[in-house]
>>> print(open('my_file_16.cif').read())   # mmCIF, C-alpha atoms
data_protein
loop_
_atom_site.label_atom_id
_atom_site.label_comp_id
_atom_site.auth_asym_id
_atom_site.auth_seq_id
_atom_site.Cartn_x
_atom_site.Cartn_y
_atom_site.Cartn_z
CA MET A 1 -24.31 6.47 3.51
CA ASP A 2 -22.42 5.13 6.53
CA GLY A 3 -21.65 7.52 9.38
CA SER A 4 -18.72 7.39 11.81
CA ALA A 5 -18.90 7.62 15.57
CA VAL A 6 -16.77 10.25 17.26
CA ALA A 7 -13.95 9.22 19.58
CA ASP A 8 -15.74 10.37 22.74
CA GLU A 9 -18.53 7.92 22.09
CA VAL A 10 -16.07 5.04 21.76
CA THR A 11 -14.85 5.52 25.32
CA ALA A 12 -18.29 4.33 26.41
CA GLY A 13 -18.14 1.30 24.14
CA GLY A 14 -16.97 0.62 20.63
CA LEU A 15 -14.30 -0.86 18.43
CA VAL A 16 -10.88 0.82 18.58
CA LEU A 17 -8.35 -0.02 15.89
CA ALA A 18 -4.84 0.78 17.08
CA ALA A 19 -1.58 0.88 15.18
CA THR A 20 1.30 -0.80 17.01
CA PRO A 21 5.05 -0.25 16.59
CA MET A 22 6.72 -2.06 13.69
CA GLY A 23 9.85 -2.56 15.74
CA ASP A 24 10.87 0.33 17.94
CA VAL A 25 8.52 0.44 20.94
CA GLY A 26 9.29 4.15 21.24
CA ASP A 27 6.92 4.67 18.32
CA ALA A 28 3.94 3.68 20.48
CA SER A 29 1.57 6.57 21.03
CA GLN A 30 0.27 7.70 24.39
CA ARG A 31 -3.22 6.87 23.17
CA LEU A 32 -2.15 3.27 22.47
CA ARG A 33 -0.78 3.01 26.02
CA GLU A 34 -4.03 4.29 27.47
CA ALA A 35 -6.11 2.01 25.27
CA LEU A 36 -4.14 -1.09 26.28
CA ALA A 37 -4.60 -0.19 29.94
CA THR A 38 -8.31 0.60 29.82
CA ALA A 39 -9.96 -1.51 27.10
CA ASP A 40 -12.49 -4.06 28.32
CA VAL A 41 -11.33 -6.53 25.69
CA VAL A 42 -8.05 -6.61 23.76
CA ALA A 43 -8.35 -8.61 20.54
CA ALA A 44 -4.80 -9.42 19.45
CA GLU A 45 -3.36 -11.11 16.39
CA ASP A 46 -0.77 -12.70 18.69
CA THR A 47 -1.62 -12.50 22.38
CA ARG A 48 1.95 -13.22 23.45
CA ARG A 49 3.37 -10.38 21.37
CA THR A 50 0.72 -8.00 22.63
CA ARG A 51 1.49 -8.88 26.25
CA SER A 52 5.20 -8.40 25.52
CA LEU A 53 4.47 -5.01 23.97
CA ALA A 54 2.46 -3.95 27.03
CA LYS A 55 5.29 -5.05 29.30
CA ALA A 56 7.82 -3.08 27.23
CA LEU A 57 5.56 -0.04 27.53
CA ASP A 58 5.16 -0.57 31.28
CA VAL A 59 1.41 -0.91 30.81
CA GLU A 60 -0.84 -3.35 32.65
CA ILE A 61 -3.61 -4.81 30.52
CA THR A 62 -6.66 -4.94 32.81
CA GLY A 63 -9.17 -6.22 30.27
CA ARG A 64 -9.67 -9.68 28.81
CA VAL A 65 -7.20 -10.64 26.09
CA VAL A 66 -8.46 -12.82 23.21
CA SER A 67 -6.75 -14.03 20.07
CA PHE A 68 -7.82 -12.52 16.75
CA TYR A 69 -5.77 -13.95 13.89
CA ASP A 70 -6.77 -15.00 10.36
CA HIS A 71 -8.08 -18.48 11.15
CA VAL A 72 -10.27 -17.44 14.10
CA GLU A 73 -11.30 -13.96 12.95
CA THR A 74 -14.72 -14.96 11.62
CA ALA A 75 -15.53 -17.06 14.68
CA ARG A 76 -14.54 -14.28 17.11
CA ILE A 77 -16.61 -11.51 15.52
CA PRO A 78 -20.06 -12.35 17.01
CA MET A 79 -18.66 -12.40 20.54
CA LEU A 80 -16.83 -9.11 20.07
CA LEU A 81 -19.94 -7.51 18.60
CA GLU A 82 -21.89 -8.54 21.70
CA GLU A 83 -19.26 -6.91 23.91
CA ILE A 84 -19.49 -3.65 21.97
CA ALA A 85 -23.29 -3.73 21.87
CA ALA A 86 -23.23 -4.09 25.67
CA GLY A 87 -21.28 -0.84 25.95
CA ARG A 88 -17.79 -2.25 26.31
CA THR A 89 -14.64 -1.14 24.47
CA VAL A 90 -12.84 -3.64 22.25
CA LEU A 91 -9.27 -2.76 21.29
CA LEU A 92 -8.07 -4.49 18.12
CA VAL A 93 -4.30 -4.74 17.57
CA THR A 94 -2.12 -6.74 15.21
CA ASP A 95 1.53 -7.73 15.47
CA ALA A 96 2.79 -4.52 13.87
CA GLY A 97 1.28 -1.59 12.03
CA MET A 98 -2.38 -0.92 11.34
CA PRO A 99 -5.14 -3.54 11.67
CA SER A 100 -7.02 -4.35 8.44
CA VAL A 101 -4.07 -3.23 6.24
CA SER A 102 -2.90 -6.69 5.11
CA ASP A 103 -3.72 -7.81 8.65
CA PRO A 104 -6.90 -8.99 10.42
CA GLY A 105 -9.51 -6.31 11.06
CA TYR A 106 -11.45 -5.55 7.89
CA ARG A 107 -14.26 -8.01 8.61
CA MET A 108 -14.64 -6.74 12.16
CA VAL A 109 -14.91 -3.14 11.00
CA ALA A 110 -17.47 -4.10 8.34
CA ALA A 111 -19.53 -6.02 10.92
CA CYS A 112 -19.57 -3.02 13.27
CA VAL A 113 -20.61 -0.68 10.49
CA GLU A 114 -23.39 -3.05 9.45
CA ARG A 115 -24.76 -3.03 13.00
CA ASP A 116 -24.22 0.72 13.40
CA LEU A 117 -21.75 0.20 16.25
CA PRO A 118 -19.09 2.88 16.87
CA VAL A 119 -15.61 2.46 15.38
CA THR A 120 -12.56 4.67 15.72
CA CYS A 121 -8.86 4.42 15.04
CA LEU A 122 -5.69 5.34 16.90
CA PRO A 123 -3.25 6.22 14.11
CA GLY A 124 0.39 5.31 14.24
CA PRO A 125 3.20 3.38 12.55
CA SER A 126 2.69 2.08 9.03
CA ALA A 127 5.20 0.22 6.86
CA VAL A 128 3.44 1.62 3.79
CA THR A 129 3.93 5.31 4.52
CA THR A 130 7.34 4.77 6.11
CA ALA A 131 8.63 2.99 3.01
CA LEU A 132 7.18 5.67 0.74
CA ALA A 133 8.93 8.40 2.70
CA LEU A 134 12.29 6.57 2.60
CA SER A 135 12.11 5.48 -1.04
CA ALA A 136 13.48 8.71 -2.57
CA LEU A 137 10.94 8.21 -5.35
CA PRO A 138 8.10 10.48 -6.50
CA VAL A 139 5.21 9.30 -4.33
CA GLU A 140 2.67 12.12 -4.47
CA ARG A 141 0.28 9.50 -5.84
CA PHE A 142 0.56 5.83 -4.96
CA CYS A 143 -1.33 2.55 -4.77
CA PHE A 144 -0.95 -0.24 -2.22
CA ASP A 145 -1.21 -3.84 -3.40
CA GLY A 146 -0.73 -5.80 -0.18
CA PHE A 147 1.42 -8.91 -0.64
CA ALA A 148 2.72 -9.77 -4.10
CA PRO A 149 1.16 -12.99 -5.48
CA ARG A 150 3.08 -16.08 -4.38
CA LYS A 151 2.94 -18.09 -7.61
CA SER A 152 5.12 -16.98 -10.51
CA GLY A 153 2.36 -16.99 -13.13
CA GLN A 154 0.00 -14.91 -11.00
CA ARG A 155 2.85 -12.61 -9.96
CA ARG A 156 3.87 -11.96 -13.56
CA GLU A 157 0.26 -11.23 -14.51
CA TRP A 158 0.03 -8.77 -11.60
CA LEU A 159 3.27 -7.08 -12.68
CA ARG A 160 1.84 -6.60 -16.17
CA THR A 161 -0.96 -4.51 -14.65
CA LEU A 162 1.75 -2.17 -13.30
CA ALA A 163 3.53 -1.74 -16.65
CA ALA A 164 1.69 1.49 -17.43
CA GLU A 165 0.65 2.44 -13.86
CA PRO A 166 1.71 6.08 -13.36
CA ARG A 167 1.43 5.92 -9.57
CA ALA A 168 4.12 4.51 -7.32
CA CYS A 169 3.17 1.06 -6.05
CA VAL A 170 3.88 -0.24 -2.55
CA PHE A 171 3.71 -3.94 -1.76
CA PHE A 172 4.93 -6.48 0.75
CA GLU A 173 7.04 -9.52 -0.13
CA ALA A 174 8.37 -12.50 1.78
CA PRO A 175 12.19 -12.49 1.99
CA HIS A 176 12.52 -15.95 0.40
CA ARG A 177 10.46 -14.82 -2.63
CA LEU A 178 12.02 -11.38 -3.08
CA ALA A 179 14.72 -12.43 -5.59
CA ASP A 180 12.22 -14.23 -7.83
CA CYS A 181 9.77 -11.32 -7.60
CA LEU A 182 12.41 -8.77 -8.62
CA ALA A 183 13.66 -11.02 -11.43
CA ASP A 184 10.11 -11.21 -12.80
CA ALA A 185 9.80 -7.43 -12.44
CA VAL A 186 12.96 -6.90 -14.50
CA GLU A 187 11.52 -9.05 -17.29
CA ILE A 188 8.02 -7.56 -17.23
CA LEU A 189 8.71 -3.91 -16.35
CA GLY A 190 12.23 -3.51 -17.71
CA PRO A 191 15.61 -3.27 -15.99
CA ASP A 192 15.63 0.52 -15.65
CA ARG A 193 12.44 1.04 -13.62
CA ARG A 194 13.48 2.43 -10.25
CA ALA A 195 12.46 0.95 -6.92
CA ALA A 196 13.39 0.70 -3.26
CA VAL A 197 13.49 -2.36 -1.05
CA CYS A 198 12.90 -1.52 2.61
CA ARG A 199 13.88 -4.17 5.13
CA GLU A 200 13.19 -4.36 8.87
CA LEU A 201 11.78 -0.83 9.09
CA THR A 202 12.37 0.88 12.49
CA LYS A 203 14.21 -2.21 13.75
CA THR A 204 17.89 -2.56 14.69
CA TYR A 205 18.95 -3.76 11.25
CA GLU A 206 16.82 -1.42 9.17
CA GLU A 207 18.05 -1.23 5.58
CA VAL A 208 16.79 0.59 2.50
CA VAL A 209 18.30 -0.39 -0.85
CA ARG A 210 17.50 1.91 -3.77
CA GLY A 211 18.26 1.52 -7.45
CA THR A 212 16.99 0.12 -10.73
CA LEU A 213 15.11 -3.14 -10.81
CA ALA A 214 18.14 -4.78 -12.41
CA GLU A 215 20.40 -3.58 -9.60
CA LEU A 216 17.96 -4.65 -6.90
CA ALA A 217 17.41 -8.06 -8.49
CA ALA A 218 21.17 -8.67 -8.52
CA TRP A 219 21.40 -7.58 -4.87
CA ALA A 220 18.50 -9.80 -3.79
CA VAL A 221 20.16 -12.95 -5.16
CA GLU A 222 22.37 -12.94 -2.05
CA GLY A 223 19.22 -13.28 0.06
CA ALA A 224 17.36 -10.87 2.31
CA ARG A 225 16.00 -11.37 5.79
CA GLY A 226 13.23 -9.81 7.81
CA GLU A 227 10.05 -8.04 6.82
CA ILE A 228 10.19 -6.56 3.31
CA THR A 229 8.33 -3.59 1.86
CA VAL A 230 8.95 -2.65 -1.78
CA VAL A 231 8.24 0.69 -3.42
CA LEU A 232 8.09 0.64 -7.21
CA ALA A 233 8.32 3.89 -9.13
CA GLY A 234 5.39 4.77 -11.36
CA ALA A 235 5.72 4.23 -15.09
CA GLN A 236 7.05 7.16 -17.05
CA PRO A 237 4.64 8.45 -19.71
CA VAL A 238 5.69 7.43 -23.21
CA ALA A 239 5.56 10.23 -25.74
CA ALA A 240 3.29 9.47 -28.66
CA ASP A 241 4.64 9.13 -32.19
CA PRO A 242 3.60 12.33 -34.08
CA THR A 243 2.73 10.28 -37.18
CA GLU A 244 0.10 8.43 -35.13
CA LEU A 245 -1.62 11.70 -34.28
CA VAL A 246 -2.05 13.00 -37.81
CA GLY A 247 -5.60 11.64 -38.00
CA ALA A 248 -6.58 13.48 -34.81
CA VAL A 249 -5.22 16.76 -36.22
CA GLU A 250 -7.05 16.29 -39.51
CA SER A 251 -10.29 15.67 -37.64
CA LEU A 252 -9.94 19.06 -35.96
CA THR A 253 -9.08 20.84 -39.21
CA ALA A 254 -12.11 19.22 -40.84
CA SER A 255 -14.25 20.87 -38.17
CA GLY A 256 -12.89 24.26 -39.13
CA LEU A 257 -9.83 24.69 -36.87
CA ARG A 258 -6.67 26.10 -38.44
CA LEU A 259 -3.87 23.58 -38.91
CA LYS A 260 -1.49 25.35 -36.50
CA ASP A 261 -4.17 25.57 -33.82
CA ALA A 262 -5.15 21.93 -34.31
CA CYS A 263 -1.51 20.86 -33.97
CA ALA A 264 -1.10 22.95 -30.83
CA GLU A 265 -4.17 21.39 -29.20
CA ILE A 266 -3.27 17.77 -30.00
CA ALA A 267 0.40 18.29 -29.10
CA SER A 268 -0.48 19.64 -25.66
CA VAL A 269 -2.71 16.66 -24.90
CA HIS A 270 -0.17 14.03 -25.98
CA ALA A 271 3.03 15.78 -24.84
CA VAL A 272 4.65 15.85 -28.27
CA SER A 273 6.45 18.62 -30.12
CA ARG A 274 4.05 20.92 -31.93
CA ARG A 275 6.60 21.48 -34.69
CA GLU A 276 7.16 17.75 -35.20
CA LEU A 277 3.43 17.14 -35.33
CA TYR A 278 2.94 19.99 -37.83
CA ASP A 279 5.69 18.56 -40.06
CA ALA A 280 4.16 15.07 -39.79
CA VAL A 281 0.81 16.40 -41.02
CA LEU A 282 2.41 18.16 -43.97
CA THR A 283 4.41 15.04 -44.86
CA ALA A 284 1.26 12.93 -44.73
CA ARG A 285 -0.59 15.39 -46.96
CA ARG A 286 2.18 15.37 -49.53
CA GLY A 287 2.19 11.61 -49.59
CA SER A 288 -1.57 11.26 -50.10
#
>>> encode(input="my_file_16.cif", output="structure tokens")
Amino acid sequence: MDGSAVADEVTAGGLVLAATPMGDVGDASQRLREALATADVVAAEDTRRTRSLAKALDVEITGRVVSFYDHVETARIPMLLEEIAAGRTVLLVTDAGMPSVSDPGYRMVAACVERDLPVTCLPGPSAVTTALALSALPVERFCFDGFAPRKSGQRREWLRTLAAEPRACVFFEAPHRLADCLADAVEILGPDRRAAVCRELTKTYEEVVRGTLAELAAWAVEGARGEITVVLAGAQPVAADPTELVGAVESLTASGLRLKDACAEIASVHAVSRRELYDAVLTARRGS
């Protein structure tokens, strides 16, 4: 079983994952400011954006800044591991939000864990949790699916996996594909499933549009700009047909349970009316 290094150890060398503001620089934590100022190496998805963020925070980056985006991630890892193994602190930041959550970082974390090098995280802004909070949907349980598939066939297949998913689902979508994605969702999941489209979270033109999939698909036809996060309500449980549960009741009565007790037990499991189930059993018996 993998262990985790404590934060104090990381100050003497380790990988630090840090969440960065999604838009409003006021969301930057004090710990992020300190990490930017003191890290020996800052590995950034976009070095220009990271330097601009530091300037906006009135922080001077004293360490070495290196790029760490998708196409160079694998090549950068050995060098960063050497820095950490030598006792230096490597701060990993992406353009916005949390590294490794649909952004570079996962491979670096896995490499550190494999070599038993310390890793910690500075929590902060997340489009996922922000969208969930703003959705006005039941989100006690949710799943996160990253970016929706780009191609229509793969996207429709993915949507079919959500047809009976009881948890809310959060995913990212490109603005130019949003209308097609929502149109597919209407066809696969039905027009009445509720959702929320969150656009430009924490930025000047933040917008959250809530409604049914049919309403959101019609709205999206006009076009949407900016970074998009979608929250899809979980599927509502479908009550079973009492006639389909007669066999289950008869199995319990065959084992010695009274009919009323058997109906009560099966009805509670399948969320159907006990009276309707009882009547269905009697009707089936009369017809046999």
>>> resolve_selection(input="my_file_16.cif", expression="the PyMOL selection byres ((chain A and resi 218-225) around 12)", output="MDAnalysis selection string")
chainID A and resid 173:183 186 191 196:201 205:217 226:229
>>> residues_around(input="my_file_16.cif", residues="Leu159 (chain A)", least_positions_apart="5", cutoff="10 Å", atoms="all atoms listed in the file", output="tab-separated table (two decimals) with C-alpha atoms, keeping the file's coordinate frame")
chain	number	residue	atom	x	y	z
A	148	ALA	CA	2.72	-9.77	-4.10
A	149	PRO	CA	1.16	-12.99	-5.48
A	153	GLY	CA	2.36	-16.99	-13.13
A	154	GLN	CA	0.00	-14.91	-11.00
A	164	ALA	CA	1.69	1.49	-17.43
A	165	GLU	CA	0.65	2.44	-13.86
A	181	CYS	CA	9.77	-11.32	-7.60
A	184	ASP	CA	10.11	-11.21	-12.80
A	185	ALA	CA	9.80	-7.43	-12.44
A	186	VAL	CA	12.96	-6.90	-14.50
A	187	GLU	CA	11.52	-9.05	-17.29
A	188	ILE	CA	8.02	-7.56	-17.23
A	189	LEU	CA	8.71	-3.91	-16.35
>>> residues_around(input="my_file_16.cif", residues="region 47-53 of chain A", least_positions_apart="4", cutoff="10 Å", atoms="all atoms listed in the file", output="MDAnalysis selection string")
chainID A and resid 20:21 25 28 33 36 42:43 57:61 65:69 93:96
>>> resolve_selection(input="my_file_16.cif", expression="the PyMOL selection byres ((chain A and resi 29) around 10)", output="PyMOL selection string")
chain A and resi 18-21+25-28+30-35+122-125
>>> write_last_selection(input="my_file_16.cif", atoms="C-alpha atoms", output="PDB file, in the frame of the given file")
ATOM      1  CA  ALA A  18      -4.840   0.780  17.080  1.00  0.00           C
ATOM      2  CA  ALA A  19      -1.580   0.880  15.180  1.00  0.00           C
ATOM      3  CA  THR A  20       1.300  -0.800  17.010  1.00  0.00           C
ATOM      4  CA  PRO A  21       5.050  -0.250  16.590  1.00  0.00           C
ATOM      5  CA  VAL A  25       8.520   0.440  20.940  1.00  0.00           C
ATOM      6  CA  GLY A  26       9.290   4.150  21.240  1.00  0.00           C
ATOM      7  CA  ASP A  27       6.920   4.670  18.320  1.00  0.00           C
ATOM      8  CA  ALA A  28       3.940   3.680  20.480  1.00  0.00           C
ATOM      9  CA  GLN A  30       0.270   7.700  24.390  1.00  0.00           C
ATOM     10  CA  ARG A  31      -3.220   6.870  23.170  1.00  0.00           C
ATOM     11  CA  LEU A  32      -2.150   3.270  22.470  1.00  0.00           C
ATOM     12  CA  ARG A  33      -0.780   3.010  26.020  1.00  0.00           C
ATOM     13  CA  GLU A  34      -4.030   4.290  27.470  1.00  0.00           C
ATOM     14  CA  ALA A  35      -6.110   2.010  25.270  1.00  0.00           C
ATOM     15  CA  LEU A 122      -5.690   5.340  16.900  1.00  0.00           C
ATOM     16  CA  PRO A 123      -3.250   6.220  14.110  1.00  0.00           C
ATOM     17  CA  GLY A 124       0.390   5.310  14.240  1.00  0.00           C
ATOM     18  CA  PRO A 125       3.200   3.380  12.550  1.00  0.00           C
TER      19      PRO A 125
END
>>> resolve_selection(input="my_file_16.cif", expression="the PyMOL selection byres ((chain A and resi 136-138) around 12)", output="PyMOL selection string")
chain A and resi 130-135+139-142+166-170+193-198+208-212+230-236
>>> atom_distance(input="my_file_16.cif", atom1="CA of Asp279 (chain A)", atom2="CA of Ala254 (chain A)")
17.8 Å
>>> residues_around(input="my_file_16.cif", residues="Thr89 (chain A)", least_positions_apart="4", cutoff="12 Å", atoms="only C-alpha atoms", output="number ranges by chain")
A: 7-17, 35-43, 63-64, 80-85, 117-120
>>> closest_residue(input="my_file_16.cif", among="A:Cys121, A:Leu252, A:Leu277, A:Ala262", to="Ala240 (chain A)", atoms="only C-alpha atoms")
A:Leu277
>>> residues_around(input="my_file_16.cif", residues="Glu250 (chain A)", least_positions_apart="4", cutoff="10 Å", atoms="only C-alpha atoms", output="JSON, numbers by chain")
{"A": [245, 246, 254, 255, 256, 257, 258, 259, 262, 263, 281, 285]}
>>> atom_distance(input="my_file_16.cif", atom1="CA of Ile77 (chain A)", atom2="CA of Ala111 (chain A)")
7.7 Å
>>> closest_residue(input="my_file_16.cif", among="A:Phe171, A:Lys203, A:Asp24, A:Leu162", to="Gly190 (chain A)", atoms="all atoms listed in the file")
A:Leu162
